[in-house]
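**Q** My structure is in work.txt, and what it holds is compact mmCIF, C-alpha atoms:
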# COMPACT_ATOMS: atom_id res chain seq x y z
CA MET Y 156 126.07 173.10 -73.72
CA ASN Y 157 125.98 172.57 -69.95
CA GLN Y 158 125.26 168.89 -70.50
CA TYR Y 159 128.18 168.69 -72.92
CA ASN Y 160 130.51 170.28 -70.36
CA GLU Y 161 129.38 168.03 -67.56
CA GLU Y 162 129.70 164.83 -69.56
CA ASN Y 163 132.85 165.54 -71.53
CA SER Y 164 135.04 168.10 -69.76
CA ASN Y 165 136.39 165.40 -67.43
CA LEU Y 166 138.06 163.71 -70.38
CA ILE Y 167 140.92 166.13 -69.69
CA ASN Y 168 142.02 166.10 -66.09
CA PRO Y 169 142.09 169.36 -64.09
CA GLU Y 170 145.87 169.47 -63.97
CA VAL Y 171 146.18 169.45 -67.75
CA GLN Y 172 143.42 172.06 -68.04
CA SER Y 173 145.23 174.27 -65.57
CA LYS Y 174 148.50 173.94 -67.47
CA PHE Y 175 146.78 174.82 -70.73
CA SER Y 176 145.15 177.90 -69.19
CA ALA Y 177 148.48 178.98 -67.74
CA PHE Y 178 150.10 178.52 -71.16
CA MET Y 179 147.46 180.58 -72.99
CA GLU Y 180 147.04 183.41 -70.50
CA PRO Y 181 150.31 185.26 -71.39
CA PHE Y 182 149.20 185.52 -75.01
CA PHE Y 183 145.80 186.95 -74.13
CA SER Y 184 147.46 189.33 -71.69
CA LYS Y 185 149.98 190.51 -74.28
CA TYR Y 186 147.26 191.28 -76.80
CA HIS Y 187 144.55 192.39 -74.39
CA ARG Y 188 144.11 195.65 -76.32
CA GLU Y 189 143.42 193.73 -79.51
CA ARG Y 190 140.75 191.20 -80.37
CA CYS Y 191 141.95 187.65 -79.79
CA TYR Y 192 140.17 184.48 -80.83
CA PRO Y 193 141.26 180.86 -80.54
CA GLY Y 194 141.22 179.43 -84.04
CA LEU Y 195 142.00 176.59 -86.38
CA ILE Y 196 144.18 176.84 -89.45
CA PHE Y 197 143.25 174.89 -92.54
CA ARG Y 198 144.08 175.01 -96.20
CA GLN Y 199 141.66 174.86 -99.09
CA GLY Y 200 141.86 175.82 -102.75
CA LYS Y 201 145.56 176.71 -102.54
CA ARG Y 202 144.95 179.24 -99.78
CA THR Y 203 145.24 179.39 -96.02
CA MET Y 204 142.03 179.91 -94.06
CA LEU Y 205 141.11 180.30 -90.41
CA GLN Y 206 138.07 179.28 -88.42
CA ILE Y 207 137.15 181.49 -85.46
CA ASN Y 208 134.10 181.97 -83.25
CA VAL Y 209 133.08 185.56 -82.51
CA PRO Y 210 130.67 186.90 -79.86
CA ALA Y 211 127.69 188.80 -81.22
CA SER Y 212 128.86 191.96 -79.45
CA ASP Y 213 132.04 192.03 -81.58
CA PHE Y 214 130.21 192.12 -84.90
CA SER Y 215 129.80 195.86 -85.23
CA GLY Y 216 133.48 196.69 -84.87
CA LEU Y 217 134.92 193.59 -86.51
CA LEU Y 218 132.96 192.96 -89.71
CA GLN Y 219 132.06 195.24 -92.57
CA THR Y 220 130.18 194.85 -95.82
CA LYS Y 221 130.96 196.51 -99.11
CA PRO Y 222 127.89 195.91 -101.29
CA SER Y 223 128.02 197.14 -104.86
CA ASP Y 224 125.54 199.74 -106.03
CA ASN Y 225 124.52 201.90 -108.98
CA ASN Y 226 124.61 198.92 -111.33
CA ASP Y 227 128.37 198.70 -110.87
CA PRO Y 228 129.58 195.30 -109.61
CA ASP Y 229 133.11 196.65 -109.13
CA SER Y 230 131.89 199.23 -106.62
CA GLY Y 231 131.91 196.62 -103.86
CA LYS Y 232 132.92 193.12 -102.87
CA ASN Y 233 129.36 191.90 -102.27
CA ARG Y 234 126.16 191.83 -104.26
CA PRO Y 235 123.65 194.61 -103.58
CA GLU Y 236 121.68 193.86 -100.45
CA VAL Y 237 118.38 192.07 -100.97
CA LYS Y 238 115.73 194.25 -99.41
CA GLY Y 239 114.01 192.57 -96.48
CA HIS Y 240 116.30 189.52 -96.28
CA ALA Y 241 118.19 190.68 -93.19
CA GLU Y 242 114.86 191.45 -91.55
CA GLU Y 243 113.66 187.91 -92.30
CA ILE Y 244 116.72 186.46 -90.60
CA LYS Y 245 116.29 188.77 -87.63
CA GLN Y 246 112.64 187.87 -87.20
CA TYR Y 247 113.50 184.17 -87.46
CA ILE Y 248 115.97 184.50 -84.56
CA ILE Y 249 113.56 186.59 -82.48
CA GLU Y 250 110.63 184.25 -83.02
CA ARG Y 251 112.58 181.09 -82.25
CA SER Y 252 114.28 182.64 -79.22
CA ASN Y 253 111.05 183.94 -77.73
CA ARG Y 254 109.54 180.47 -78.06
CA GLY Y 255 112.53 178.85 -76.39
CA LYS Y 256 113.34 176.95 -79.58
CA PRO Y 257 116.81 176.27 -81.03
CA TRP Y 258 117.91 178.27 -84.06
CA ILE Y 259 120.90 178.37 -86.36
CA VAL Y 260 122.54 180.67 -88.88
CA GLY Y 261 125.26 179.59 -91.27
CA THR Y 262 128.95 180.38 -91.05
CA ILE Y 263 129.95 183.83 -92.28
CA THR Y 264 132.87 183.99 -94.69
CA ALA Y 265 135.17 187.03 -94.63
CA ASN Y 266 138.54 187.97 -96.03
CA VAL Y 267 141.49 190.00 -94.82
CA GLU Y 268 144.99 190.90 -95.96
CA PRO Y 269 147.33 188.39 -94.27
CA LYS Y 270 149.69 191.20 -93.20
CA ASP Y 271 146.89 192.96 -91.28
CA ILE Y 272 146.48 190.26 -88.61
CA LYS Y 273 148.68 188.00 -86.51
CA VAL Y 274 148.30 184.24 -86.42
CA LEU Y 275 150.14 182.52 -83.57
CA GLU Y 276 150.29 178.86 -84.52
CA PHE Y 277 150.88 176.41 -81.70
CA ALA Y 278 150.58 172.91 -83.17
CA ARG Y 279 148.37 170.78 -85.40
CA GLY Y 280 146.54 173.83 -86.77
CA ILE Y 281 145.55 175.18 -83.35
CA CYS Y 282 146.25 178.90 -83.18
CA LEU Y 283 145.44 182.27 -81.69
CA VAL Y 284 144.17 184.89 -84.14
CA VAL Y 285 144.99 188.48 -83.19
CA ILE Y 286 143.03 191.16 -85.04
CA PRO Y 287 144.01 194.78 -84.32
CA ARG Y 288 141.10 197.03 -83.46
CA VAL Y 289 141.73 199.20 -86.50
CA VAL Y 290 141.29 196.22 -88.83
CA LYS Y 291 137.91 195.21 -90.20
CA LEU Y 292 137.10 191.95 -91.93
CA ASP Y 293 135.40 192.25 -95.32
CA ILE Y 294 132.44 189.92 -95.65
CA THR Y 295 132.56 187.64 -98.67
CA ASP Y 296 129.39 185.72 -97.88
CA GLY Y 297 126.85 186.43 -95.14
CA GLN Y 298 126.20 190.15 -95.37
CA HIS Y 299 122.51 189.73 -94.53
CA ARG Y 300 123.31 187.54 -91.53
CA LYS Y 301 125.79 190.17 -90.34
CA ARG Y 302 123.22 192.96 -90.64
CA ALA Y 303 120.59 190.91 -88.81
CA ILE Y 304 122.95 190.13 -85.93
CA HIS Y 305 124.19 193.73 -85.79
CA GLU Y 306 120.66 195.14 -85.68
CA LEU Y 307 119.66 192.65 -83.01
CA ILE Y 308 122.61 193.41 -80.76
CA GLU Y 309 121.83 197.14 -81.09
CA SER Y 310 118.13 196.67 -80.31
CA HIS Y 311 116.06 196.02 -77.19
CA ASN Y 312 116.17 192.34 -78.16
CA SER Y 313 119.95 192.17 -77.67
CA HIS Y 314 119.52 189.83 -74.71
CA LEU Y 315 118.34 187.13 -77.12
CA ILE Y 316 121.81 186.75 -78.68
CA SER Y 317 124.14 188.53 -76.25
CA ASP Y 318 125.61 185.22 -75.05
CA ASP Y 319 125.83 183.64 -78.51
CA ASP Y 320 128.87 183.13 -80.73
CA PHE Y 321 128.98 183.03 -84.52
CA ALA Y 322 131.42 181.13 -86.68
CA ILE Y 323 133.55 182.99 -89.21
CA THR Y 324 135.65 181.38 -91.90
CA LEU Y 325 138.42 183.87 -92.54
CA VAL Y 326 140.17 183.71 -95.91
CA LEU Y 327 143.65 185.23 -95.91
CA GLU Y 328 143.08 187.03 -99.18
CA GLY Y 329 143.49 190.69 -100.09
CA ASN Y 330 143.00 190.58 -103.85
CA PHE Y 331 139.77 192.40 -104.75
CA GLN Y 332 139.02 190.41 -107.89
CA GLN Y 333 139.63 187.12 -106.12
CA CYS Y 334 137.26 188.17 -103.33
CA GLN Y 335 134.56 188.86 -105.93
CA ALA Y 336 135.27 185.50 -107.54
CA ASP Y 337 134.98 183.82 -104.12
CA PHE Y 338 131.53 185.35 -103.66
CA ARG Y 339 130.46 184.13 -107.09
CA ASP Y 340 131.76 180.63 -106.42
CA MET Y 341 130.05 180.41 -103.03
CA ALA Y 342 126.77 181.61 -104.54
CA GLN Y 343 126.63 178.75 -107.03
CA THR Y 344 124.34 176.57 -104.97
CA ARG Y 345 121.15 175.01 -106.20
CA GLN Y 346 118.02 176.57 -104.79
CA LEU Y 347 116.26 174.10 -102.52
CA ASP Y 348 112.84 172.92 -103.62
CA LYS Y 349 109.97 174.06 -101.43
CA SER Y 350 108.90 170.46 -100.82
CA LEU Y 351 112.32 169.64 -99.39
CA LEU Y 352 112.27 172.68 -97.09
CA LEU Y 353 108.80 171.74 -95.89
CA SER Y 354 109.75 168.09 -95.34
CA PHE Y 355 112.62 169.18 -93.12
CA GLY Y 356 110.65 171.97 -91.45
CA GLU Y 357 109.79 172.18 -87.78
CA PHE Y 358 106.86 170.00 -86.74
CA SER Y 359 104.52 172.89 -86.07
CA GLY Y 360 101.87 174.93 -87.87
CA ARG Y 361 101.08 173.97 -91.42
CA VAL Y 362 104.31 171.97 -91.75
CA GLY Y 363 103.32 169.68 -88.89
CA ILE Y 364 99.76 169.32 -90.17
CA SER Y 365 101.00 168.60 -93.70
CA LYS Y 366 103.31 165.88 -92.42
CA GLU Y 367 100.43 164.28 -90.55
CA LEU Y 368 98.22 164.37 -93.64
CA VAL Y 369 100.88 162.75 -95.82
CA LYS Y 370 101.15 159.91 -93.30
CA ARG Y 371 97.47 159.39 -92.51
CA VAL Y 372 95.32 160.49 -95.45
CA PHE Y 373 94.99 157.57 -97.86
CA MET Y 374 94.90 159.87 -100.87
CA PHE Y 375 98.30 161.37 -99.95
CA LYS Y 376 100.05 158.42 -98.30
CA ASP Y 377 102.96 157.17 -100.48
CA LYS Y 378 101.64 159.34 -103.34
CA THR Y 379 103.34 162.59 -102.31
CA GLU Y 380 106.75 163.85 -103.43
CA LYS Y 381 108.57 165.01 -100.29
CA ILE Y 382 111.85 166.21 -101.82
CA LYS Y 383 111.52 167.53 -105.35
CA ALA Y 384 109.47 170.33 -106.89
CA THR Y 385 107.27 168.16 -109.11
CA PRO Y 386 105.65 164.74 -108.61
CA SER Y 387 106.89 162.01 -110.94
CA THR Y 388 104.16 159.99 -112.63
CA LYS Y 389 106.67 157.20 -113.26
CA GLN Y 390 107.20 156.93 -109.51
CA LYS Y 391 103.42 157.00 -109.07
CA LEU Y 392 103.41 160.30 -107.21
CA ILE Y 393 100.53 162.76 -107.52
CA TYR Y 394 101.24 165.54 -105.04
CA THR Y 395 104.17 167.39 -103.49
CA MET Y 396 104.62 168.59 -99.92
CA ASN Y 397 104.23 172.12 -101.24
CA TYR Y 398 100.84 171.27 -102.79
CA VAL Y 399 99.68 169.80 -99.49
CA ALA Y 400 101.00 172.70 -97.39
CA ARG Y 401 99.27 175.33 -99.53
CA PHE Y 402 96.08 173.26 -99.35
CA VAL Y 403 96.29 173.07 -95.55
CA SER Y 404 96.70 176.83 -95.28
CA CYS Y 405 93.63 177.35 -97.47
CA VAL Y 406 91.57 175.01 -95.31
CA PHE Y 407 92.21 176.88 -92.09
CA THR Y 408 92.67 180.50 -93.21
CA ASN Y 409 91.66 180.70 -96.89
CA ASP Y 410 95.21 181.93 -97.55
CA PRO Y 411 97.65 179.51 -99.26
CA SER Y 412 100.70 181.23 -97.74
CA ASP Y 413 99.62 181.33 -94.08
CA GLU Y 414 102.00 179.27 -91.94
CA LEU Y 415 99.37 178.60 -89.23
CA LYS Y 416 101.93 179.18 -86.49
CA ASP Y 417 99.33 179.44 -83.73
CA LEU Y 418 97.31 176.37 -84.71
CA ASP Y 419 97.52 173.23 -82.57
CA VAL Y 420 98.94 170.52 -84.82
CA GLU Y 421 97.44 167.51 -83.03
CA SER Y 422 93.82 168.65 -82.86
CA ALA Y 423 93.76 170.36 -86.28
CA SER Y 424 95.40 167.34 -87.93
CA GLU Y 425 92.96 164.91 -86.37
CA ALA Y 426 89.95 166.86 -87.62
CA LEU Y 427 91.34 167.34 -91.13
CA VAL Y 428 92.57 163.75 -91.51
CA ASN Y 429 89.10 162.42 -90.70
CA CYS Y 430 87.47 164.96 -93.02
CA LEU Y 431 89.73 164.13 -95.96
CA ASN Y 432 89.54 160.36 -95.62
CA TYR Y 433 85.76 160.75 -95.64
CA PHE Y 434 85.78 163.13 -98.62
CA PHE Y 435 88.18 161.15 -100.82
CA SER Y 436 86.34 157.88 -100.14
CA LYS Y 437 82.98 159.44 -101.06
CA CYS Y 438 84.10 161.37 -104.15
CA SER Y 439 83.70 159.25 -107.30
CA ASN Y 440 86.72 160.94 -108.90
CA THR Y 441 89.08 159.94 -106.09
CA GLU Y 442 87.53 156.81 -104.57
CA PHE Y 443 89.69 154.34 -106.50
CA ILE Y 444 92.98 156.19 -106.08
CA ALA Y 445 92.39 156.76 -102.37
CA ALA Y 446 91.46 153.13 -101.69
CA THR Y 447 94.38 151.64 -103.63
CA ASN Y 448 97.90 151.35 -102.27
CA SER Y 449 100.58 153.10 -104.26
CA ASN Y 450 102.36 149.87 -105.16
CA GLU Y 451 99.14 148.50 -106.66
CA LEU Y 452 98.48 151.53 -108.86
CA THR Y 453 99.87 151.64 -112.38
CA GLU Y 454 101.59 154.51 -114.10
CA THR Y 455 98.55 154.72 -116.38
CA ASP Y 456 96.26 155.04 -113.34
CA ILE Y 457 98.27 157.98 -112.06
CA SER Y 458 98.61 159.64 -115.45
CA SER Y 459 94.91 159.36 -116.22
CA PHE Y 460 93.96 160.73 -112.81
CA LYS Y 461 96.24 163.76 -113.17
CA ASP Y 462 94.98 164.45 -116.70
CA ASP Y 463 91.30 164.13 -115.88
CA CYS Y 464 90.71 165.11 -112.26
CA LEU Y 465 91.32 168.58 -110.87
CA LEU Y 466 92.07 167.07 -107.48
CA GLY Y 467 95.25 165.66 -109.00
CA VAL Y 468 96.77 169.12 -109.53
CA SER Y 469 97.74 171.94 -107.20
CA VAL Y 470 95.08 174.44 -108.28
CA GLY Y 471 92.35 171.84 -107.76
CA LEU Y 472 93.59 171.14 -104.25
CA GLU Y 473 93.61 174.86 -103.56
CA VAL Y 474 89.97 175.15 -104.64
CA LEU Y 475 89.06 172.21 -102.41
CA GLY Y 476 90.93 173.79 -99.50
CA ARG Y 477 89.13 177.12 -99.94
CA LEU Y 478 85.78 175.30 -100.05
CA LEU Y 479 86.59 173.24 -96.96
CA TYR Y 480 87.37 176.52 -95.21
CA ASN Y 481 83.61 177.18 -95.42
CA THR Y 482 82.82 173.86 -93.73
CA TYR Y 483 85.14 174.22 -90.74
CA ASN Y 484 83.88 175.21 -87.30
CA ARG Y 485 86.88 176.94 -85.75
CA SER Y 486 85.57 177.24 -82.21
CA GLU Y 487 84.76 173.53 -81.93
CA ASN Y 488 87.36 172.17 -84.38
CA TYR Y 489 85.21 170.05 -86.67
CA PHE Y 490 84.17 169.95 -90.32
CA ASP Y 491 80.49 169.92 -91.29
CA LEU Y 492 80.26 166.48 -92.92
CA ASP Y 493 76.96 167.34 -94.62
CA LYS Y 494 78.72 170.11 -96.52
CA VAL Y 495 81.78 167.92 -97.08
CA SER Y 496 79.46 165.31 -98.58
CA GLN Y 497 78.07 167.95 -100.95
CA LEU Y 498 81.60 168.73 -102.10
CA ALA Y 499 82.27 165.02 -102.61
CA SER Y 500 79.22 164.74 -104.87
CA ILE Y 501 80.61 167.32 -107.31
CA ASP Y 502 82.15 166.10 -110.56
CA TRP Y 503 85.79 167.19 -110.21
CA SER Y 504 86.76 166.23 -113.75
CA ARG Y 505 88.11 168.93 -116.05
CA GLY Y 506 85.19 168.49 -118.40
CA ASN Y 507 82.58 169.60 -115.88
CA GLU Y 508 81.00 172.89 -116.98
CA ILE Y 509 81.17 174.21 -113.40
CA TRP Y 510 84.91 174.82 -113.81
CA ARG Y 511 84.65 176.40 -117.25
CA ASP Y 512 86.25 179.84 -117.66
CA THR Y 513 87.66 179.86 -114.13
CA ILE Y 514 90.36 177.24 -113.51
CA VAL Y 515 89.63 175.39 -116.77
CA ARG Y 516 89.79 176.98 -120.20
CA VAL Y 517 89.00 175.22 -123.47
CA ASP Y 518 91.68 175.51 -126.12
CA PRO Y 519 89.88 176.07 -129.45
CA GLN Y 520 92.79 174.54 -131.35
CA PRO Y 521 94.39 171.97 -129.04
CA LYS Y 522 97.48 170.10 -130.18
CA ASN Y 523 95.89 166.96 -128.76
CA PRO Y 524 92.12 166.82 -129.43
CA ASP Y 525 91.76 164.40 -126.51
CA LYS Y 526 93.15 167.06 -124.17
CA PRO Y 527 91.44 170.34 -125.04
CA TYR Y 528 91.55 171.75 -121.51
CA ARG Y 529 94.08 174.27 -120.22
CA LEU Y 530 94.41 175.06 -116.54
CA SER Y 531 94.38 178.59 -115.20
CA THR Y 532 96.29 178.59 -111.92
CA GLY Y 533 96.08 182.24 -110.85
CA VAL Y 534 94.56 183.21 -107.52
CA HIS Y 535 91.60 184.95 -109.17
CA ALA Y 536 90.74 181.82 -111.16
CA ALA Y 537 90.70 179.74 -107.97
CA THR Y 538 88.60 182.21 -105.99
CA ASP Y 539 86.15 182.60 -108.91
CA ALA Y 540 85.75 178.82 -109.05
CA VAL Y 541 85.02 178.76 -105.31
CA LYS Y 542 82.35 181.44 -105.68
CA ILE Y 543 80.60 179.49 -108.44
CA VAL Y 544 80.60 176.22 -106.46
CA LYS Y 545 79.26 177.95 -103.36
CA PHE Y 546 76.48 179.51 -105.46
CA LYS Y 547 75.60 176.14 -107.05
CA LEU Y 548 75.45 174.52 -103.61
CA GLY Y 549 73.40 177.36 -102.15
CA TRP Y 550 75.99 178.21 -99.51
CA GLY Y 551 75.43 181.94 -99.92
Kindly return the structure encoded in the file as structure tokens.

**A**
Amino acid sequence: MNQYNEENSNLINPEVQSKFSAFMEPFFSKYHRERCYPGLIFRQGKRTMLQINVPASDFSGLLQTKPSDNNDPDSGKNRPEVKGHAEEIKQYIIERSNRGKPWIVGTITANVEPKDIKVLEFARGICLVVIPRVVKLDITDGQHRKRAIHELIESHNSHLISDDDFAITLVLEGNFQQCQADFRDMAQTRQLDKSLLLSFGEFSGRVGISKELVKRVFMFKDKTEKIKATPSTKQKLIYTMNYVARFVSCVFTNDPSDELKDLDVESASEALVNCLNYFFSKCSNTEFIAATNSNELTETDISSFKDDCLLGVSVGLEVLGRLLYNTYNRSENYFDLDKVSQLASIDWSRGNEIWRDTIVRVDPQPKNPDKPYRLSTGVHAATDAVKIVKFKLGWG
């Protein structure tokens, strides 16, 4: 912000700035006992709306939520609070702030009866919004963000956001049913696929390592879906970013959900990239796919690989990740290539008896006799498969 001020504030000369301040000051003085915010007026959906920016310290007295309860939607203007969601937002802000990293929360939408506030319009939609201290804004969307900010400003971590402002879109609407309809309409957004969230995630922890793998591991390069939830065989994609991220977490912690926040991306990536390029080139099930560029593979190649090889599906990658966990030397950051070679010598096809009754089940009456195998993707199936492989290899 300082850089912005230094570079751009001189676009308006000091004399004009002084005149503007002198023009505005009487209004702020007149309403000094109320809450005043510079704002913008705009119109959308046949209604007038305002955009204001509010300091975190004003949240407690300015905004209120009215969540419904007791299975009665008409008991409030908002949905029932989702347990733990406000805490997730709060921890996100705390974590990012303590690391000196930028963070962002979305605009809060609230509504108010037009008669309860004053809007002093100057020109071209620029205005001053005066909200009496007895008036509270009802949140239409953003109740969890409001709670998170409120709890932060009331806590010992208040210094993290005490100088921050939060945008509020204020709908001049007092009709209860319309406010409920507004919440419904704003909630009709498509849930983002995990692969998309990972692809746009911060380059740290497992997200950073996953991005490195997708760029540098031949088996993943140009064969990984980075946006959608499932890989398209027609587009010659085998994996998704979510598959790879869960695999990475298994490799380093044996837990597919661990975000590896404290792991150094550069050194961990380097070790795992080398390990995987070695493994996939040595494994007979993956050698061809790994060595062949995506544009040279056929749809049949991809389809056959996914149907036959466990390393072409998420649960198979998870098993590999959990096994590689047992080959990794954490203190010296390297993988035991002798053990990795043993893993590469295993037959990773679905028909191998080693996988039977763990991650692979045989359907006694398959619809397609050529495909009698069903995958079991639960965590117990994966961990049981790992135990059997370790026993077969004599790893103890």

**Q** Quick one: everything within 7 Å of Ser500 of chain Y, counting all atoms listed in the file, minus sequence neighbours fewer than 3 positions away in the same chain. Send it as a list in words.

**A** Cys438, Ser496 and Gln497 of chain Y

**Q** Would you compute the distance between atom CA of Lys494 of chain Y and atom CA of Thr482 of chain Y? Give it in Å to one decimal.

**A**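 Going from atom CA of Lys494 of chain Y over to atom CA of Thr482 of chain Y, I get 6.2 Å.
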
**Q** Can you measure atom CA of Lys366 of chain Y to atom CA of Leu418 of chain Y for me? One decimal in Å is fine.

**A**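 Computing the Euclidean distance for atom CA of Lys366 of chain Y and atom CA of Leu418 of chain Y yields 14.3 Å.
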
**Q** For segment 200-207 of chain Y, work out the shell of residues within 6 Å, counting only C-alpha atoms and skipping chain neighbours fewer than 5 positions away, then give it as JSON, numbers by chain.

**A** {"Y": [194, 195, 322, 323, 324, 325, 326, 327]}

**Q** Using all atoms listed in the file, which residue out of Y:Leu392, Y:Ile263, Y:Leu498, Y:Ile244 lies closest to Glu454 of chain Y?

**A**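 Of all the options, Y:Leu392 lies closest to Glu454 of chain Y.
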
**Q** Calculate how many Å separate atom CA of Tyr186 of chain Y from atom CA of Leu307 of chain Y, rounding to one decimal.

**A**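 Computing the Euclidean distance for atom CA of Tyr186 of chain Y and atom CA of Leu307 of chain Y yields 28.3 Å.
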
**Q** Which is closest to Ser469 of chain Y among Y:Thr385, Y:Gln333, Y:Ser354, Y:Gln298, if we use all atoms listed in the file?

**A**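 Residue with the minimum atom-to-atom distance to Ser469 of chain Y: Y:Thr385.
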
**Q** Just give me the residues with any atom within 8 Å of (137.9, 195.5, -85.9), file coordinates, counting all atoms listed in the file, written as a list of chain:residue names.

**A**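 Using all atoms listed in the file, the matching residues come out as Y:Arg190, Y:Gly216, Y:Leu217, Y:Leu218, Y:Ile286, Y:Pro287, Y:Arg288, Y:Val289, Y:Val290, Y:Lys291, Y:Leu292.
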
**Q** Using only C-alpha atoms, pick whichever of Y:Leu315, Y:Cys464, Y:Ile543, Y:Val209 has the shortest atom-to-atom distance to Lys301 of chain Y.

**A**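 When distances to Lys301 of chain Y are compared using only C-alpha atoms, the smallest one comes from Y:Val209.
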
**Q** Draw an axis-aligned box tight on the listed atoms of segment 181-198 of chain Y, then pad every side by 4 Å and write out centre and edge lengths in Å to one decimal as lines of an AutoDock Vina configuration file.

**A**
center_x = 145.2
center_y = 185.3
center_z = -83.8
size_x = 18.1
size_y = 28.8
size_z = 32.8

**Q** Do you know which residues are at most 10 Å from His240 of chain Y counting all atoms listed in the file, after dropping those on the same chain fewer than 3 positions away, and could you put them as a list of chain:residue names?

**A**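 Everything that qualifies: Y:Glu236, Y:Val237, Y:Glu243, Y:Ile244, Y:Lys245, Y:Gln246, Y:Gln298, Y:His299, Y:Arg300, Y:Arg302, Y:Ala303.
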
**Q** Let me make sure I understand: among Y:Ala537, Y:Asn440, Y:Gly297, Y:Asp491, which one has the smallest atom-to-atom distance to Arg511 of chain Y if we use all atoms listed in the file?

**A**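 Ranking Y:Ala537, Y:Asn440, Y:Gly297, Y:Asp491 by distance to Arg511 of chain Y, first place goes to Y:Ala537.
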
**Q** Go through Y:Val362, Y:Val285, Y:Leu530, Y:Ile272 one by one, measure the shortest atom-to-atom distance of each to Ser412 of chain Y using only C-alpha atoms, and give the residue with the smallest value.

**A**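 Comparing Y:Val362, Y:Val285, Y:Leu530, Y:Ile272 against Ser412 of chain Y, the winner is Y:Val362.
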
**Q** Could you tell me which of Y:Lys270, Y:Arg279, Y:His305, Y:Arg251 comes closest to Ser215 of chain Y if we count all atoms listed in the file?

**A**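 That would be Y:His305, the residue with the smallest distance to Ser215 of chain Y.
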
**Q** Please provide as a list in words all residues within 10 Å of Asn312 of chain Y, with the sequence filter that same-chain residues fewer than 5 positions apart are discarded (counting all atoms listed in the file).

**A** Ile249, Ser252, Asn253, Glu306, Leu307 and Ser317 of chain Y

**Q** Within 10 Å of Phe183 of chain Y, counting only C-alpha atoms, which residues show up once you throw out same-chain ones fewer than 5 positions away? Write them as a list in words, please.

**A** Phe178, Arg188, Glu189, Arg190, Cys191, Tyr192, Pro193, Leu283 and Val285 of chain Y
